[in-house]
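One file, final.txt, is given below (compact mmCIF, N, CA and C atoms).
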```
# COMPACT_ATOMS: atom_id res chain seq x y z
N MET A 1 8.57 3.88 62.12
CA MET A 1 8.87 4.10 60.73
C MET A 1 8.52 2.87 59.89
N ARG A 2 8.69 1.71 60.46
CA ARG A 2 8.43 0.47 59.74
C ARG A 2 6.94 0.31 59.43
N SER A 3 6.09 0.79 60.26
CA SER A 3 4.65 0.63 60.05
C SER A 3 4.17 1.46 58.86
N ARG A 4 4.90 2.50 58.49
CA ARG A 4 4.50 3.31 57.33
C ARG A 4 4.92 2.66 56.02
N SER A 5 6.00 1.93 56.00
CA SER A 5 6.49 1.36 54.74
C SER A 5 5.62 0.21 54.25
N LEU A 6 4.96 -0.50 55.15
CA LEU A 6 4.11 -1.63 54.74
C LEU A 6 2.91 -1.16 53.91
N PRO A 7 2.14 -0.16 54.32
CA PRO A 7 1.03 0.30 53.47
C PRO A 7 1.51 0.89 52.13
N ILE A 8 2.64 1.54 52.14
CA ILE A 8 3.16 2.10 50.89
C ILE A 8 3.55 0.98 49.94
N ALA A 9 4.17 -0.07 50.45
CA ALA A 9 4.55 -1.21 49.62
C ALA A 9 3.31 -1.92 49.08
N ALA A 10 2.29 -2.05 49.94
CA ALA A 10 1.05 -2.69 49.50
C ALA A 10 0.37 -1.86 48.41
N LEU A 11 0.39 -0.55 48.57
CA LEU A 11 -0.21 0.33 47.57
C LEU A 11 0.55 0.25 46.25
N ALA A 12 1.87 0.20 46.31
CA ALA A 12 2.68 0.08 45.10
C ALA A 12 2.42 -1.25 44.40
N LEU A 13 2.28 -2.32 45.17
CA LEU A 13 1.99 -3.64 44.59
C LEU A 13 0.61 -3.63 43.92
N LEU A 14 -0.36 -3.05 44.57
CA LEU A 14 -1.71 -2.97 44.01
C LEU A 14 -1.73 -2.15 42.72
N ALA A 15 -1.04 -1.03 42.71
CA ALA A 15 -1.01 -0.17 41.51
C ALA A 15 -0.33 -0.88 40.35
N SER A 16 0.76 -1.59 40.62
CA SER A 16 1.45 -2.29 39.53
C SER A 16 0.62 -3.45 39.01
N SER A 17 -0.12 -4.13 39.87
CA SER A 17 -0.95 -5.24 39.40
C SER A 17 -2.11 -4.72 38.56
N LEU A 18 -2.68 -3.59 38.92
CA LEU A 18 -3.76 -3.02 38.11
C LEU A 18 -3.23 -2.56 36.74
N ALA A 19 -2.04 -2.02 36.72
CA ALA A 19 -1.46 -1.60 35.44
C ALA A 19 -1.20 -2.82 34.55
N GLY A 20 -0.79 -3.92 35.14
CA GLY A 20 -0.57 -5.15 34.38
C GLY A 20 -1.86 -5.68 33.79
N CYS A 21 -2.94 -5.61 34.55
CA CYS A 21 -4.24 -6.07 34.04
C CYS A 21 -4.69 -5.22 32.86
N GLY A 22 -4.41 -3.94 32.92
CA GLY A 22 -4.82 -3.05 31.83
C GLY A 22 -4.15 -3.41 30.52
N THR A 23 -2.88 -3.75 30.55
CA THR A 23 -2.19 -4.09 29.30
C THR A 23 -2.61 -5.46 28.80
N VAL A 24 -2.85 -6.40 29.71
CA VAL A 24 -3.31 -7.72 29.29
C VAL A 24 -4.68 -7.61 28.65
N ASN A 25 -5.58 -6.87 29.28
CA ASN A 25 -6.93 -6.73 28.74
C ASN A 25 -6.94 -6.03 27.38
N GLU A 26 -6.03 -5.08 27.19
CA GLU A 26 -5.95 -4.40 25.90
C GLU A 26 -5.60 -5.38 24.79
N LYS A 27 -4.65 -6.25 25.05
CA LYS A 27 -4.23 -7.22 24.04
C LYS A 27 -5.28 -8.29 23.82
N LEU A 28 -5.92 -8.72 24.89
CA LEU A 28 -6.96 -9.75 24.75
C LEU A 28 -8.20 -9.22 24.04
N SER A 29 -8.57 -7.99 24.33
CA SER A 29 -9.79 -7.46 23.74
C SER A 29 -9.68 -7.30 22.23
N ALA A 30 -8.48 -7.01 21.73
CA ALA A 30 -8.30 -6.88 20.28
C ALA A 30 -8.57 -8.21 19.58
N GLY A 31 -8.12 -9.29 20.15
CA GLY A 31 -8.34 -10.61 19.56
C GLY A 31 -9.73 -11.15 19.83
N MET A 32 -10.27 -10.87 20.99
CA MET A 32 -11.58 -11.40 21.35
C MET A 32 -12.69 -10.75 20.54
N GLY A 33 -12.52 -9.49 20.18
CA GLY A 33 -13.54 -8.82 19.39
C GLY A 33 -13.76 -9.47 18.04
N ASP A 34 -12.73 -10.10 17.51
CA ASP A 34 -12.85 -10.77 16.22
C ASP A 34 -13.59 -12.10 16.33
N THR A 35 -13.54 -12.73 17.48
CA THR A 35 -14.14 -14.06 17.62
C THR A 35 -15.56 -14.03 18.17
N ILE A 36 -15.97 -12.94 18.80
CA ILE A 36 -17.31 -12.85 19.36
C ILE A 36 -18.29 -12.54 18.23
N PRO A 37 -19.40 -13.27 18.13
CA PRO A 37 -20.38 -12.98 17.07
C PRO A 37 -21.00 -11.60 17.23
N GLN A 38 -21.51 -11.06 16.14
CA GLN A 38 -22.08 -9.71 16.15
C GLN A 38 -23.27 -9.63 17.11
N TRP A 39 -24.09 -10.65 17.15
CA TRP A 39 -25.27 -10.60 18.02
C TRP A 39 -24.90 -10.55 19.50
N ALA A 40 -23.67 -10.97 19.83
CA ALA A 40 -23.23 -10.96 21.23
C ALA A 40 -22.37 -9.74 21.55
N GLY A 41 -22.28 -8.79 20.63
CA GLY A 41 -21.52 -7.58 20.89
C GLY A 41 -20.19 -7.52 20.18
N GLY A 42 -19.93 -8.43 19.25
CA GLY A 42 -18.68 -8.43 18.49
C GLY A 42 -18.69 -7.37 17.41
N LEU A 43 -17.68 -7.43 16.54
CA LEU A 43 -17.57 -6.46 15.46
C LEU A 43 -18.71 -6.60 14.47
N PRO A 44 -19.25 -5.48 13.98
CA PRO A 44 -20.29 -5.56 12.95
C PRO A 44 -19.71 -6.04 11.63
N ALA A 45 -20.57 -6.48 10.74
CA ALA A 45 -20.13 -7.03 9.46
C ALA A 45 -19.43 -5.98 8.59
N ASP A 46 -19.81 -4.71 8.73
CA ASP A 46 -19.22 -3.68 7.89
C ASP A 46 -18.05 -2.95 8.55
N ALA A 47 -17.47 -3.53 9.60
CA ALA A 47 -16.33 -2.92 10.27
C ALA A 47 -15.09 -3.01 9.36
N PRO A 48 -14.27 -1.96 9.33
CA PRO A 48 -13.06 -2.00 8.50
C PRO A 48 -12.07 -3.03 9.06
N PRO A 49 -11.18 -3.53 8.20
CA PRO A 49 -10.20 -4.52 8.67
C PRO A 49 -9.21 -3.90 9.67
N ARG A 50 -8.55 -4.76 10.41
CA ARG A 50 -7.58 -4.32 11.41
C ARG A 50 -6.32 -3.77 10.75
N PRO A 51 -5.72 -2.71 11.31
CA PRO A 51 -4.45 -2.21 10.78
C PRO A 51 -3.36 -3.28 10.85
N GLY A 52 -2.50 -3.26 9.83
CA GLY A 52 -1.39 -4.21 9.79
C GLY A 52 -1.69 -5.45 8.97
N THR A 53 -2.89 -5.58 8.44
CA THR A 53 -3.24 -6.74 7.62
C THR A 53 -3.27 -6.33 6.15
N PRO A 54 -3.11 -7.27 5.23
CA PRO A 54 -3.18 -6.93 3.80
C PRO A 54 -4.55 -6.36 3.41
N GLN A 55 -5.61 -6.83 4.06
CA GLN A 55 -6.94 -6.31 3.76
C GLN A 55 -7.05 -4.84 4.15
N TYR A 56 -6.36 -4.45 5.21
CA TYR A 56 -6.38 -3.05 5.65
C TYR A 56 -5.70 -2.17 4.61
N ASP A 57 -4.57 -2.63 4.07
CA ASP A 57 -3.86 -1.84 3.05
C ASP A 57 -4.74 -1.64 1.82
N ALA A 58 -5.42 -2.71 1.38
CA ALA A 58 -6.32 -2.60 0.23
C ALA A 58 -7.50 -1.67 0.55
N TYR A 59 -8.01 -1.77 1.76
CA TYR A 59 -9.12 -0.91 2.19
C TYR A 59 -8.71 0.56 2.15
N MET A 60 -7.52 0.86 2.65
CA MET A 60 -7.05 2.25 2.67
C MET A 60 -6.79 2.77 1.25
N LYS A 61 -6.29 1.94 0.36
CA LYS A 61 -6.07 2.37 -1.04
C LYS A 61 -7.41 2.69 -1.71
N GLU A 62 -8.41 1.84 -1.46
CA GLU A 62 -9.73 2.07 -2.05
C GLU A 62 -10.35 3.34 -1.47
N ARG A 63 -10.17 3.55 -0.19
CA ARG A 63 -10.70 4.75 0.46
C ARG A 63 -10.05 6.01 -0.10
N GLU A 64 -8.75 5.97 -0.34
CA GLU A 64 -8.04 7.11 -0.91
C GLU A 64 -8.49 7.35 -2.35
N ARG A 65 -8.71 6.26 -3.10
CA ARG A 65 -9.18 6.40 -4.47
C ARG A 65 -10.54 7.10 -4.50
N LYS A 66 -11.43 6.69 -3.61
CA LYS A 66 -12.76 7.31 -3.55
C LYS A 66 -12.67 8.77 -3.12
N ARG A 67 -11.74 9.07 -2.23
CA ARG A 67 -11.59 10.46 -1.76
C ARG A 67 -11.15 11.38 -2.89
N LEU A 68 -10.34 10.87 -3.81
CA LEU A 68 -9.82 11.69 -4.89
C LEU A 68 -10.80 11.84 -6.06
N LEU A 69 -11.87 11.03 -6.07
CA LEU A 69 -12.88 11.15 -7.12
C LEU A 69 -13.68 12.44 -6.97
N PRO A 70 -14.10 13.04 -8.09
CA PRO A 70 -15.03 14.17 -7.98
C PRO A 70 -16.34 13.73 -7.34
N ALA A 71 -17.02 14.64 -6.69
CA ALA A 71 -18.23 14.30 -5.94
C ALA A 71 -19.30 13.66 -6.82
N ALA A 72 -19.48 14.15 -8.04
CA ALA A 72 -20.51 13.60 -8.92
C ALA A 72 -20.20 12.14 -9.27
N ASP A 73 -18.93 11.86 -9.56
CA ASP A 73 -18.56 10.49 -9.89
C ASP A 73 -18.69 9.58 -8.67
N ARG A 74 -18.37 10.10 -7.51
CA ARG A 74 -18.47 9.31 -6.27
C ARG A 74 -19.92 8.93 -6.00
N GLU A 75 -20.84 9.88 -6.20
CA GLU A 75 -22.26 9.59 -5.98
C GLU A 75 -22.77 8.56 -6.96
N LYS A 76 -22.36 8.67 -8.23
CA LYS A 76 -22.78 7.68 -9.23
C LYS A 76 -22.27 6.29 -8.87
N GLU A 77 -21.03 6.22 -8.40
CA GLU A 77 -20.45 4.93 -8.03
C GLU A 77 -21.17 4.33 -6.83
N GLU A 78 -21.50 5.16 -5.84
CA GLU A 78 -22.22 4.66 -4.67
C GLU A 78 -23.61 4.16 -5.05
N GLN A 79 -24.29 4.88 -5.94
CA GLN A 79 -25.61 4.44 -6.37
C GLN A 79 -25.53 3.14 -7.15
N ALA A 80 -24.49 3.00 -7.96
CA ALA A 80 -24.32 1.75 -8.72
C ALA A 80 -24.05 0.58 -7.77
N GLN A 81 -23.27 0.82 -6.73
CA GLN A 81 -22.99 -0.25 -5.77
C GLN A 81 -24.24 -0.61 -4.98
N LYS A 82 -25.05 0.38 -4.61
CA LYS A 82 -26.29 0.10 -3.89
C LYS A 82 -27.26 -0.68 -4.76
N GLY A 83 -27.31 -0.34 -6.03
CA GLY A 83 -28.17 -1.05 -6.96
C GLY A 83 -27.72 -2.48 -7.17
N ALA A 84 -26.40 -2.69 -7.18
CA ALA A 84 -25.86 -4.04 -7.38
C ALA A 84 -26.09 -4.92 -6.18
N THR A 85 -26.03 -4.37 -4.96
CA THR A 85 -26.22 -5.18 -3.77
C THR A 85 -27.69 -5.28 -3.38
N GLY A 86 -28.52 -4.40 -3.90
CA GLY A 86 -29.94 -4.45 -3.62
C GLY A 86 -30.34 -3.85 -2.29
N THR A 87 -29.48 -3.04 -1.70
CA THR A 87 -29.84 -2.40 -0.43
C THR A 87 -30.61 -1.12 -0.69
N THR A 88 -31.56 -0.84 0.18
CA THR A 88 -32.34 0.37 0.05
C THR A 88 -32.17 1.27 1.25
N SER A 89 -31.35 0.87 2.21
CA SER A 89 -31.18 1.68 3.41
C SER A 89 -30.30 2.88 3.10
N ALA A 90 -30.40 3.89 3.94
CA ALA A 90 -29.64 5.12 3.73
C ALA A 90 -28.22 5.00 4.26
N GLY A 91 -27.86 3.88 4.82
CA GLY A 91 -26.50 3.69 5.33
C GLY A 91 -26.53 3.41 6.82
N ALA A 92 -25.39 3.05 7.33
CA ALA A 92 -25.28 2.70 8.75
C ALA A 92 -25.26 3.97 9.59
N VAL A 93 -25.89 3.90 10.72
CA VAL A 93 -25.87 5.00 11.67
C VAL A 93 -24.61 4.87 12.51
N ARG A 94 -23.86 5.93 12.60
CA ARG A 94 -22.61 5.86 13.36
C ARG A 94 -22.62 6.79 14.51
```
Please, can you express the file's structure as structure tokens?
Amino acid sequence: MRSRSLPIAALALLASSLAGCGTVNEKLSAGMGDTIPQWAGGLPADAPPRPGTPQYDAYMKERERKRLLPAADREKEEQAQKGATGTTSAGAVR
């Protein structure tokens, strides 16, 4: 009976250690993505701000404001912004 409990204990230890790595990596990846440059696989320049920051709240308010605009006004505003920034691309591919 004793020989069966050792593999079960080892399996339980292995499973708990893997679960611990998953939570550590989740927390580290959120912070590391902000520090890695875009050319190395980090966040793109046009990525929205992280939830929980003041920039995120402002971003969401602006997004809601644009959503409530009529379509014709929204298109005019987007064209005015494109003209002001000088971009000619059709937008980011997602």
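Taking atom N of A:Lys66 and atom C of A:Glu78 as the two end points, the separation is 12.5 Å.
The two atoms in question, atom CA of A:Thr53 and atom CA of A:Leu28, are spaced 17.8 Å apart.
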Handout entry: Atomic distance atom N of A:Pro70 - atom CA of A:Asp57, expressed in Å with one decimal
Key = 21.2 Å
